[in-house]
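Participant: Input target22.csv, format and content: CSV, C-alpha atoms and all ligand atoms.
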chain,number,residue,atom,x,y,z
A,112,MET,CA,-6.8,37.4,-134.4
A,113,ILE,CA,-4.6,34.4,-133.3
A,114,ASN,CA,-4.6,33.4,-129.7
A,115,TYR,CA,-1.3,32.3,-128.3
A,116,LYS,CA,-2.9,29.3,-126.6
A,117,ASP,CA,-3.5,27.8,-130.1
A,118,LEU,CA,0.2,28.1,-130.8
A,119,GLY,CA,1.2,26.1,-127.6
A,120,LEU,CA,2.6,29.2,-125.9
A,121,VAL,CA,1.8,30.2,-122.3
A,122,ASN,CA,1.5,33.6,-120.5
A,123,THR,CA,3.6,34.5,-117.5
A,124,ARG,CA,1.0,34.3,-114.7
A,125,GLU,CA,1.5,30.8,-113.4
A,126,MET,CA,5.2,30.8,-114.3
A,127,PHE,CA,5.8,34.0,-112.2
A,128,ARG,CA,3.8,32.8,-109.2
A,129,LYS,CA,5.8,29.6,-109.0
A,130,ALA,CA,9.1,31.5,-109.5
A,131,VAL,CA,8.3,34.0,-106.7
A,132,ASP,CA,7.2,31.2,-104.4
A,133,GLY,CA,10.2,29.0,-105.4
A,134,GLY,CA,12.9,31.7,-105.1
A,135,TYR,CA,14.2,31.5,-108.7
A,136,ALA,CA,13.9,33.6,-111.8
A,137,ILE,CA,12.7,32.9,-115.3
A,138,PRO,CA,15.2,33.8,-118.1
A,139,ALA,CA,14.0,36.3,-120.6
A,140,PHE,CA,16.3,36.0,-123.6
A,141,ASN,CA,16.1,38.3,-126.6
A,142,PHE,CA,16.2,36.8,-130.1
A,143,ASN,CA,16.6,38.2,-133.6
A,144,ASN,CA,17.8,35.2,-135.6
A,145,MET,CA,17.5,31.5,-136.0
A,146,GLU,CA,20.7,30.5,-134.3
A,147,GLN,CA,19.8,32.4,-131.1
A,148,LEU,CA,16.4,30.9,-131.0
A,149,GLN,CA,17.7,27.4,-131.5
A,150,ALA,CA,20.3,27.9,-128.8
A,151,ILE,CA,17.6,29.2,-126.4
A,152,ILE,CA,15.2,26.3,-127.0
A,153,MET,CA,18.0,23.7,-126.9
A,154,ALA,CA,19.1,25.1,-123.5
A,155,ALA,CA,15.6,25.4,-122.1
A,156,ALA,CA,14.6,21.9,-123.3
A,157,GLU,CA,17.8,20.3,-122.0
A,158,THR,CA,17.5,21.9,-118.5
A,159,LYS,CA,13.6,21.8,-118.4
A,160,SER,CA,13.5,25.5,-117.7
A,161,PRO,CA,10.6,27.7,-118.4
A,162,VAL,CA,11.7,30.4,-120.9
A,163,ILE,CA,10.6,33.8,-122.2
A,164,LEU,CA,11.5,34.6,-125.8
A,165,GLN,CA,11.7,38.4,-126.1
A,166,VAL,CA,11.2,40.5,-129.3
A,167,SER,CA,12.5,44.1,-129.1
A,168,LYS,CA,11.7,47.0,-131.4
A,169,GLY,CA,15.2,46.5,-132.9
A,170,ALA,CA,14.4,42.8,-133.5
A,171,ARG,CA,11.1,43.6,-135.2
A,172,GLN,CA,12.9,46.1,-137.5
A,173,TYR,CA,15.7,43.7,-138.2
A,174,ALA,CA,13.9,40.4,-138.6
A,175,ASN,CA,10.2,41.3,-139.1
A,176,GLN,CA,7.6,40.8,-136.3
A,177,THR,CA,5.6,38.3,-138.3
A,178,LEU,CA,8.5,36.2,-139.1
A,179,LEU,CA,9.7,36.2,-135.5
A,180,ARG,CA,6.2,35.2,-134.3
A,181,TYR,CA,6.2,32.2,-136.7
A,182,MET,CA,9.7,31.3,-135.5
A,183,ALA,CA,8.4,31.2,-132.0
A,184,GLU,CA,5.5,29.0,-133.1
A,185,GLY,CA,8.1,26.7,-134.7
A,186,ALA,CA,10.1,26.8,-131.5
A,187,VAL,CA,7.3,25.2,-129.5
A,188,GLU,CA,7.2,22.3,-132.0
A,189,TYR,CA,11.0,22.1,-132.0
A,190,ALA,CA,11.1,21.9,-128.2
A,191,LYS,CA,8.7,18.9,-128.3
A,192,GLU,CA,10.9,17.3,-130.9
A,193,LEU,CA,13.8,17.7,-128.5
A,194,GLY,CA,11.8,15.7,-125.9
A,195,TRP,CA,10.3,18.5,-123.9
A,196,GLU,CA,6.7,17.2,-123.6
A,197,LYS,CA,5.0,20.3,-122.3
A,198,PRO,CA,7.2,23.3,-123.2
A,199,GLN,CA,6.7,26.4,-121.1
A,200,ILE,CA,7.5,29.1,-123.6
A,201,VAL,CA,6.3,32.7,-123.5
A,202,LEU,CA,6.5,35.0,-126.5
A,203,HIS,CA,7.0,38.5,-125.1
A,204,LEU,CA,7.1,42.0,-126.6
A,205,ASP,CA,10.1,43.7,-125.1
A,206,HIS,CA,9.9,47.5,-124.5
A,207,GLY,CA,6.6,48.0,-126.2
A,208,ASP,CA,6.4,51.7,-127.0
A,209,ALA,CA,2.8,52.3,-127.8
A,210,PHE,CA,-0.7,50.8,-127.4
A,211,GLU,CA,-0.8,50.0,-131.2
A,212,THR,CA,2.4,48.0,-131.0
A,213,CYS,CA,1.1,45.9,-128.1
A,214,LYS,CA,-2.2,45.4,-129.8
A,215,SER,CA,-0.5,44.2,-133.0
A,216,CYS,CA,1.6,41.7,-131.0
A,217,ILE,CA,-1.4,40.5,-129.0
A,218,ASP,CA,-3.5,40.1,-132.2
A,219,MET,CA,-0.8,38.0,-133.9
A,220,GLY,CA,-0.2,35.5,-131.0
A,221,PHE,CA,2.2,37.0,-128.4
A,222,SER,CA,1.4,35.7,-124.9
A,223,SER,CA,2.9,38.6,-123.0
A,224,VAL,CA,3.7,42.3,-123.7
A,225,MET,CA,5.7,45.0,-122.0
A,226,ILE,CA,4.4,48.5,-122.2
A,227,ASP,CA,7.3,50.8,-121.4
A,228,GLY,CA,5.9,54.1,-120.2
A,229,SER,CA,8.8,54.7,-117.8
A,230,HIS,CA,10.0,57.8,-119.7
A,231,LEU,CA,6.5,59.4,-119.4
A,232,PRO,CA,5.1,61.5,-116.6
A,233,TYR,CA,3.6,59.2,-113.9
A,234,ASP,CA,0.0,59.8,-114.8
A,235,GLU,CA,0.6,59.2,-118.5
A,236,ASN,CA,2.5,56.0,-117.7
A,237,VAL,CA,-0.5,54.8,-115.6
A,238,ALA,CA,-3.1,55.7,-118.3
A,239,LEU,CA,-1.1,54.0,-121.1
A,240,THR,CA,-0.3,50.9,-119.1
A,241,LYS,CA,-3.9,50.6,-118.0
A,242,LYS,CA,-5.1,50.8,-121.6
A,243,VAL,CA,-2.8,48.0,-122.7
A,244,VAL,CA,-3.8,45.9,-119.7
A,245,GLU,CA,-7.5,46.2,-120.4
A,246,TYR,CA,-7.0,45.1,-124.0
A,247,ALA,CA,-4.5,42.3,-123.2
A,248,HIS,CA,-6.6,40.8,-120.4
A,249,LEU,CA,-9.4,40.3,-122.8
A,250,PHE,CA,-7.2,37.5,-124.4
A,251,ASP,CA,-5.5,36.4,-121.1
A,252,VAL,CA,-2.2,38.0,-122.3
A,253,THR,CA,-0.1,39.2,-119.4
A,254,VAL,CA,1.4,42.7,-119.2
A,255,GLU,CA,4.7,44.0,-117.8
A,256,GLY,CA,4.8,47.7,-116.8
A,257,GLU,CA,7.8,49.8,-115.8
A,258,LEU,CA,8.4,52.4,-113.1
A,259,GLY,CA,11.7,54.1,-112.7
A,260,VAL,CA,14.3,54.8,-115.4
A,261,LEU,CA,17.3,52.5,-116.0
A,262,ALA,CA,20.6,54.4,-115.5
A,263,GLY,CA,22.5,55.2,-118.7
A,264,VAL,CA,26.2,54.7,-118.7
A,265,GLU,CA,26.7,58.5,-118.5
A,266,ASP,CA,24.7,58.7,-115.3
A,267,GLU,CA,26.4,58.9,-112.0
A,268,VAL,CA,25.2,55.6,-110.7
A,269,SER,CA,26.1,56.2,-107.1
A,270,ALA,CA,23.9,59.3,-107.2
A,271,ALA,CA,21.2,58.0,-109.4
A,272,GLU,CA,18.5,57.6,-106.7
A,273,SER,CA,16.2,59.9,-108.6
A,274,HIS,CA,16.2,57.3,-111.5
A,275,TYR,CA,15.5,54.4,-109.2
A,276,THR,CA,11.9,53.2,-108.8
A,277,LYS,CA,10.2,55.0,-106.0
A,278,PRO,CA,8.8,52.4,-103.6
A,279,GLU,CA,6.1,54.8,-102.5
A,280,GLU,CA,4.6,54.7,-106.1
A,281,VAL,CA,4.5,51.0,-106.7
A,282,VAL,CA,1.2,50.1,-105.0
A,283,ASP,CA,-0.7,53.0,-106.6
A,284,PHE,CA,0.8,52.0,-110.1
A,285,VAL,CA,0.0,48.3,-109.8
A,286,THR,CA,-3.5,49.0,-108.4
A,287,LYS,CA,-4.4,51.6,-111.0
A,288,THR,CA,-3.0,49.8,-114.0
A,289,GLY,CA,-3.7,46.1,-113.2
A,290,CYS,CA,-0.4,45.1,-114.7
A,291,ASP,CA,0.8,41.6,-114.0
A,292,SER,CA,4.5,42.3,-113.3
A,293,LEU,CA,6.6,45.4,-112.8
A,294,ALA,CA,10.0,46.2,-114.2
A,295,ILE,CA,12.0,48.3,-111.7
A,296,SER,CA,15.2,50.3,-111.7
A,297,ILE,CA,17.7,49.5,-109.0
A,298,GLY,CA,21.0,50.1,-110.8
A,299,THR,CA,21.0,47.8,-113.8
A,300,SER,CA,21.2,49.3,-117.4
A,301,HIS,CA,21.2,48.1,-121.0
A,302,GLY,CA,24.1,47.1,-123.1
A,303,ALA,CA,27.7,45.8,-122.5
A,304,PHE,CA,29.0,49.1,-121.0
A,305,LYS,CA,26.9,49.4,-117.9
A,306,PHE,CA,29.3,51.5,-115.8
A,307,THR,CA,32.1,53.9,-116.5
A,308,PRO,CA,35.5,52.9,-115.1
A,309,GLU,CA,35.2,55.9,-112.7
A,310,GLN,CA,32.0,54.3,-111.3
A,311,CYS,CA,33.9,51.0,-110.6
A,312,THR,CA,36.6,50.0,-108.2
A,313,LEU,CA,39.6,48.0,-109.4
A,314,ASP,CA,40.1,44.4,-108.0
A,315,PRO,CA,43.9,44.4,-107.4
A,316,GLU,CA,44.0,40.6,-107.7
A,317,THR,CA,42.4,40.2,-111.1
A,318,GLY,CA,42.8,43.7,-112.5
A,319,ARG,CA,39.1,43.7,-113.3
A,320,LEU,CA,36.7,46.5,-112.8
A,321,VAL,CA,34.2,45.9,-110.0
A,322,PRO,CA,30.9,47.8,-110.5
A,323,PRO,CA,28.9,49.3,-107.6
A,324,PRO,CA,26.3,47.0,-106.1
A,325,LEU,CA,22.6,47.1,-107.0
A,326,ALA,CA,20.2,48.9,-104.7
A,327,PHE,CA,18.9,45.9,-102.8
A,328,ASP,CA,17.5,48.3,-100.2
A,329,VAL,CA,15.1,49.7,-102.8
A,330,LEU,CA,14.2,46.2,-104.0
A,331,ALA,CA,13.5,45.2,-100.3
A,332,GLU,CA,11.2,48.3,-99.9
A,333,ILE,CA,9.4,47.5,-103.1
A,334,GLU,CA,8.8,43.9,-101.9
A,335,LYS,CA,7.5,45.2,-98.6
A,336,GLN,CA,5.0,47.4,-100.4
A,337,LEU,CA,4.0,44.6,-102.9
A,338,PRO,CA,4.4,41.3,-101.1
A,339,GLY,CA,4.7,38.4,-103.6
A,340,PHE,CA,4.2,40.6,-106.7
A,341,PRO,CA,6.3,39.6,-109.7
A,342,ILE,CA,9.3,42.0,-110.2
A,343,VAL,CA,11.4,42.2,-113.4
A,344,LEU,CA,15.0,43.2,-113.9
A,345,HIS,CA,16.1,44.6,-117.3
A,346,GLY,CA,19.7,45.2,-118.2
A,347,SER,CA,20.9,42.1,-116.4
A,348,SER,CA,23.7,40.9,-118.6
A,349,SER,CA,26.9,40.0,-116.7
A,350,VAL,CA,29.2,40.8,-119.6
A,351,PRO,CA,31.4,37.6,-119.2
A,352,GLN,CA,35.0,38.7,-119.2
A,353,ASP,CA,36.1,35.5,-121.0
A,354,GLU,CA,33.9,36.4,-124.0
A,355,VAL,CA,35.1,40.0,-124.0
A,356,ASP,CA,38.7,38.7,-123.8
A,357,THR,CA,38.1,36.3,-126.8
A,358,ILE,CA,36.6,39.2,-128.8
A,359,ASN,CA,39.5,41.5,-128.1
A,360,LYS,CA,42.1,38.7,-128.7
A,361,PHE,CA,40.7,38.0,-132.2
A,362,GLY,CA,40.5,41.6,-133.4
A,363,GLY,CA,37.7,43.2,-131.4
A,364,ALA,CA,37.9,46.5,-129.5
A,365,LEU,CA,35.7,46.2,-126.5
A,366,LYS,CA,37.3,48.4,-123.9
A,367,ALA,CA,36.0,48.5,-120.3
A,368,ALA,CA,32.9,46.4,-120.9
A,369,VAL,CA,31.3,45.8,-117.5
A,370,GLY,CA,28.1,44.0,-116.5
A,371,ILE,CA,26.1,43.0,-113.4
A,372,PRO,CA,28.1,40.5,-111.3
A,373,GLU,CA,26.5,37.0,-111.3
A,374,GLU,CA,26.3,36.8,-107.5
A,375,GLN,CA,24.1,39.9,-107.4
A,376,LEU,CA,21.7,38.3,-110.0
A,377,ARG,CA,21.7,35.1,-107.9
A,378,LYS,CA,20.7,37.1,-104.9
A,379,ALA,CA,18.0,38.9,-106.9
A,380,SER,CA,16.6,35.6,-108.3
A,381,LYS,CA,15.9,34.4,-104.8
A,382,SER,CA,13.7,37.5,-104.1
A,383,ALA,CA,10.4,38.6,-105.8
A,384,VAL,CA,12.5,39.2,-109.0
A,385,CYS,CA,11.1,36.5,-111.2
A,386,LYS,CA,12.1,37.7,-114.7
A,387,ILE,CA,15.7,38.5,-115.6
A,388,ASN,CA,16.4,40.1,-119.1
A,389,ILE,CA,19.5,39.1,-120.9
A,390,ASP,CA,20.4,40.1,-124.4
A,391,SER,CA,24.0,41.6,-124.5
A,392,ASP,CA,25.6,38.4,-123.1
A,393,SER,CA,24.2,36.4,-126.0
A,394,ARG,CA,25.6,39.0,-128.5
A,395,LEU,CA,29.0,38.7,-126.8
A,396,ALA,CA,28.9,34.9,-126.9
A,397,MET,CA,27.9,34.9,-130.6
A,398,THR,CA,30.5,37.5,-131.6
A,399,ALA,CA,33.3,35.8,-129.7
A,400,ALA,CA,32.7,32.5,-131.4
A,401,VAL,CA,32.5,34.1,-134.9
A,402,ARG,CA,35.6,36.1,-134.4
A,403,GLU,CA,37.5,33.1,-133.3
A,404,VAL,CA,36.6,31.1,-136.4
A,405,PHE,CA,37.4,34.0,-138.7
A,406,ALA,CA,40.8,34.5,-137.1
A,407,ASN,CA,41.7,30.8,-137.1
A,408,LYS,CA,40.2,29.8,-140.4
A,409,PRO,CA,40.4,32.8,-142.7
A,410,ALA,CA,39.5,30.7,-145.7
A,411,GLU,CA,36.1,29.6,-144.2
A,412,PHE,CA,33.1,31.1,-146.0
A,413,ASP,CA,30.3,28.7,-145.2
A,414,PRO,CA,28.1,30.6,-142.7
A,415,ARG,CA,27.2,27.3,-141.0
A,416,LYS,CA,30.8,26.9,-140.0
A,417,TYR,CA,30.9,30.1,-138.0
A,418,LEU,CA,27.2,30.4,-137.0
A,419,GLY,CA,27.3,26.8,-135.7
A,420,PRO,CA,30.1,27.5,-133.2
A,421,ALA,CA,28.3,30.7,-132.3
A,422,ARG,CA,25.1,28.7,-131.6
A,423,ASP,CA,27.1,26.2,-129.5
A,424,ASN,CA,28.6,29.1,-127.5
A,425,MET,CA,25.2,30.8,-126.9
A,426,LYS,CA,23.7,27.5,-125.8
A,427,LYS,CA,26.5,27.0,-123.3
A,428,LEU,CA,25.9,30.5,-122.0
A,429,TYR,CA,22.1,30.0,-121.7
A,430,ILE,CA,22.5,26.8,-119.8
A,431,HIS,CA,25.0,28.5,-117.4
A,432,LYS,CA,22.5,31.3,-116.7
A,433,ILE,CA,19.6,28.8,-116.1
A,434,LYS,CA,21.5,26.4,-113.9
A,435,GLU,CA,24.1,28.6,-112.1
A,436,VAL,CA,22.5,32.0,-111.9
A,437,LEU,CA,18.7,32.0,-112.1
A,438,GLY,CA,18.0,28.5,-110.8
A,439,SER,CA,15.1,27.9,-113.2
A,440,ASP,CA,16.2,24.4,-114.2
A,441,ASN,CA,13.8,21.5,-113.7
A,442,LYS,CA,10.9,23.9,-113.1
A,443,ALA,CA,9.0,23.1,-116.3
B,1,LIG,O1,16.2,46.4,-124.3
B,1,LIG,C1,17.2,46.3,-125.0
B,1,LIG,C2,17.4,45.0,-125.7
B,1,LIG,O2,18.7,44.5,-125.5
B,1,LIG,C3,17.0,45.1,-127.2
B,1,LIG,O3,17.9,45.8,-127.9
B,1,LIG,O4,16.5,47.1,-129.5
B,1,LIG,O5,18.9,46.6,-130.0
B,1,LIG,O6,17.2,44.8,-130.1
B,1,LIG,P1,17.6,46.1,-129.5
B,2,LIG,P1,21.2,43.5,-121.4
B,2,LIG,O1,21.6,44.6,-122.3
B,2,LIG,O2,21.9,43.7,-120.0
B,2,LIG,O3,21.3,42.2,-121.9
B,2,LIG,O4,19.6,43.8,-121.1
B,2,LIG,C1,18.6,43.3,-122.0
B,2,LIG,C2,17.3,43.8,-121.7
B,2,LIG,O5,17.0,44.4,-120.6
B,2,LIG,C3,16.2,43.6,-122.7
B,2,LIG,O6,15.0,44.2,-122.4
B,3,ZN,ZN,15.2,46.1,-121.3
Could you quickly redo this structure as structure tokens?
Facilitator:
Amino acid sequence: MINYKDLGLVNTREMFRKAVDGGYAIPAFNFNNMEQLQAIIMAAAETKSPVILQVSKGARQYANQTLLRYMAEGAVEYAKELGWEKPQIVLHLDHGDAFETCKSCIDMGFSSVMIDGSHLPYDENVALTKKVVEYAHLFDVTVEGELGVLAGVEDEVSAAESHYTKPEEVVDFVTKTGCDSLAISIGTSHGAFKFTPEQCTLDPETGRLVPPPLAFDVLAEIEKQLPGFPIVLHGSSSVPQDEVDTINKFGGALKAAVGIPEEQLRKASKSAVCKINIDSDSRLAMTAAVREVFANKPAEFDPRKYLGPARDNMKKLYIHKIKEVLGSDNKA
């Protein structure tokens, strides 16, 4: 049993309270590899932003959960080397699928876990989340639960109310489970293809697809039911069109990739939404930079020569998110 506090990590409790009170959101960036982690820490250290390092099931399978945990421990020391005296870094399990997964992460030093029972019948979601909370709180590890199902790209978003979080359930869920934060569904979804072209309108000036707005009315009702309670948004990549254009220009084939417009995330950040999950944008930034090097320098075969530019591009993206979208700079 390793406690995260001995690794210099923090849980989300204080961080979320300050973010809700201060009207900003904490970035939760997924990582699978060293360059991503370096870019996240460099960006957070440079902007003095609290940051959540997220490890998904896919990341655990790809890179190994133990290795990722040690990388996060190293990240705390790296942040200090970069001049960030008291790094505010959370190591979080993203979309935990079972009690055993959460327990295993808690036991090895994660400071926060998500138990995603959103696909389960309500009572089973409550029971599973409660079980994880009871174990996690023994070690002061914070827990994110989820209510509502994020729309898939095939769903008819404008008619997806049944997938949205039901505001009438949130007080009961939070009270019965004791969870520390709640992920909700208000129209975001995972990946780089969040909406079909049919669900969007066309901006005649730019020729770009404009997605339907998030359900801010549902968010407002949830906030009314749970004043000041920390709310989480998954699936919040914006899918920057310049990265998509670079990928396509240098041999990629990303057609009609659409994300959540930044102004909507800015608006959400000012509300009780205090954790915003971003993964796909980092993948796009990395891929765009690598493709550009490969296209322009076909003789290059030193991985540092294409992963270095990829890291620079991700760092730029993370700093942009922190300063221009979430407003979490100078909060740590
Ligand atoms: O929730 C989804 C995240 O983007 C993680 O995706 O399981 O492919 O690592 P992944
Ligand atoms: P994106 O696919 O929009 O980056 O969402 C990531 C996420 O929600 C991770 O849990
Ligand atoms: Zn997610």
Participant: Can you work out which one of A:Asn143, A:Asn114, A:Thr123, A:Thr357 has the shortest atom-to-atom distance to A:Arg402, counting all atoms listed in the file?
Facilitator: A:Thr357
Participant: Can I get the residues of chain A within 9 Å of ligand ZN 3 (chain B), each with the closest pair of atoms and their distance in Å to one decimal, using only C-alpha atoms and all ligand atoms, sorted chain first then ascending number, as CSV?
Facilitator:
residue,atom,partner,partner_atom,distance
A:Ser167,CA,B:ZN3,ZN,8.5
A:Asp205,CA,B:ZN3,ZN,6.8
A:His206,CA,B:ZN3,ZN,6.3
A:Leu261,CA,B:ZN3,ZN,8.6
A:Ala294,CA,B:ZN3,ZN,8.8
A:Ser300,CA,B:ZN3,ZN,7.8
A:His301,CA,B:ZN3,ZN,6.3
A:Leu344,CA,B:ZN3,ZN,8.0
A:His345,CA,B:ZN3,ZN,4.4
A:Gly346,CA,B:ZN3,ZN,5.5
A:Ser347,CA,B:ZN3,ZN,8.5
A:Asn388,CA,B:ZN3,ZN,6.5
A:Ile389,CA,B:ZN3,ZN,8.2
A:Asp390,CA,B:ZN3,ZN,8.5
Participant: Considering only C-alpha atoms and all ligand atoms, state which residue in the set A:Val254, A:Ala368, A:Val237, A:Ala174 is at the smallest distance from ligand LIG 1 (chain B).
Facilitator: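 Comparing A:Val254, A:Ala368, A:Val237, A:Ala174 against ligand LIG 1 (chain B), the winner is A:Ala174.
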Participant: Got a sec to check which residues sit within 12 Å of (28.9, 36.9, -127.8), counting all atoms listed in the file, and write them as a PDB file with C-alpha atoms, in the coordinates of the input?
Facilitator:
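Written file, out.pdb:
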ATOM      1  CA  GLN A 147      19.800  32.400-131.100  1.00  0.00           C
ATOM      2  CA  ALA A 303      27.700  45.800-122.500  1.00  0.00           C
ATOM      3  CA  SER A 348      23.700  40.900-118.600  1.00  0.00           C
ATOM      4  CA  SER A 349      26.900  40.000-116.700  1.00  0.00           C
ATOM      5  CA  VAL A 350      29.200  40.800-119.600  1.00  0.00           C
ATOM      6  CA  PRO A 351      31.400  37.600-119.200  1.00  0.00           C
ATOM      7  CA  GLN A 352      35.000  38.700-119.200  1.00  0.00           C
ATOM      8  CA  ASP A 353      36.100  35.500-121.000  1.00  0.00           C
ATOM      9  CA  GLU A 354      33.900  36.400-124.000  1.00  0.00           C
ATOM     10  CA  VAL A 355      35.100  40.000-124.000  1.00  0.00           C
ATOM     11  CA  ASP A 356      38.700  38.700-123.800  1.00  0.00           C
ATOM     12  CA  THR A 357      38.100  36.300-126.800  1.00  0.00           C
ATOM     13  CA  ILE A 358      36.600  39.200-128.800  1.00  0.00           C
ATOM     14  CA  ASN A 359      39.500  41.500-128.100  1.00  0.00           C
ATOM     15  CA  GLY A 363      37.700  43.200-131.400  1.00  0.00           C
ATOM     16  CA  LEU A 365      35.700  46.200-126.500  1.00  0.00           C
ATOM     17  CA  ILE A 389      19.500  39.100-120.900  1.00  0.00           C
ATOM     18  CA  ASP A 390      20.400  40.100-124.400  1.00  0.00           C
ATOM     19  CA  SER A 391      24.000  41.600-124.500  1.00  0.00           C
ATOM     20  CA  ASP A 392      25.600  38.400-123.100  1.00  0.00           C
ATOM     21  CA  SER A 393      24.200  36.400-126.000  1.00  0.00           C
ATOM     22  CA  ARG A 394      25.600  39.000-128.500  1.00  0.00           C
ATOM     23  CA  LEU A 395      29.000  38.700-126.800  1.00  0.00           C
ATOM     24  CA  ALA A 396      28.900  34.900-126.900  1.00  0.00           C
ATOM     25  CA  MET A 397      27.900  34.900-130.600  1.00  0.00           C
ATOM     26  CA  THR A 398      30.500  37.500-131.600  1.00  0.00           C
ATOM     27  CA  ALA A 399      33.300  35.800-129.700  1.00  0.00           C
ATOM     28  CA  ALA A 400      32.700  32.500-131.400  1.00  0.00           C
ATOM     29  CA  VAL A 401      32.500  34.100-134.900  1.00  0.00           C
ATOM     30  CA  ARG A 402      35.600  36.100-134.400  1.00  0.00           C
ATOM     31  CA  GLU A 403      37.500  33.100-133.300  1.00  0.00           C
ATOM     32  CA  LEU A 418      27.200  30.400-137.000  1.00  0.00           C
ATOM     33  CA  PRO A 420      30.100  27.500-133.200  1.00  0.00           C
ATOM     34  CA  ALA A 421      28.300  30.700-132.300  1.00  0.00           C
ATOM     35  CA  ARG A 422      25.100  28.700-131.600  1.00  0.00           C
ATOM     36  CA  ASP A 423      27.100  26.200-129.500  1.00  0.00           C
ATOM     37  CA  ASN A 424      28.600  29.100-127.500  1.00  0.00           C
ATOM     38  CA  MET A 425      25.200  30.800-126.900  1.00  0.00           C
ATOM     39  CA  LYS A 426      23.700  27.500-125.800  1.00  0.00           C
ATOM     40  CA  LYS A 427      26.500  27.000-123.300  1.00  0.00           C
ATOM     41  CA  LEU A 428      25.900  30.500-122.000  1.00  0.00           C
ATOM     42  CA  TYR A 429      22.100  30.000-121.700  1.00  0.00           C
TER      43      TYR A 429
END
Participant: Looking at A:Ala139, A:Val282, A:Val252, A:Ile430, which one is nearest to ligand LIG 2 (chain B), with distances taken over only C-alpha atoms and all ligand atoms?
Facilitator: A:Ala139
Participant: Using only C-alpha atoms and all ligand atoms, pick whichever of A:Pro324, A:Gly169, A:Gly119, A:Gly134 has the shortest atom-to-atom distance to ligand LIG 1 (chain B).
Facilitator: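 With only C-alpha atoms and all ligand atoms as the atom set, the closest residue is A:Gly169.
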Participant: Between A:Cys311, A:Val281, A:Val343, A:Met126, which is the closest to ligand LIG 2 (chain B) once you count all atoms listed in the file?
Facilitator: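 Among the listed residues, A:Val343 lies closest to ligand LIG 2 (chain B).
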Participant: Kindly give the distance, in Å, that separates atom CA of A:His431 and atom CA of A:Ala186, rounded to a single decimal.
Facilitator: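 Atom-to-atom, atom CA of A:His431 and atom CA of A:Ala186 are spaced 20.6 Å apart.
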Participant: Find, counting all atoms listed in the file, the residue in A:Ala183, A:Ile371, A:Leu202, A:Leu320 that gets nearest to ligand LIG 2 (chain B).
Facilitator: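 Closest candidate: A:Ile371.
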Participant: Please measure the separation of atom CA of A:Phe284 and atom CA of A:Glu334, giving the value in Å to one decimal.
Facilitator: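 Result for atom CA of A:Phe284 versus atom CA of A:Glu334: 14.0 Å, one decimal.
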Participant: Using Å and a single decimal, report how far atom CA of A:Ile433 sits from atom CA of A:Glu332.
Facilitator: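 Separation between atom CA of A:Glu332 and atom CA of A:Ile433: 26.7 Å.
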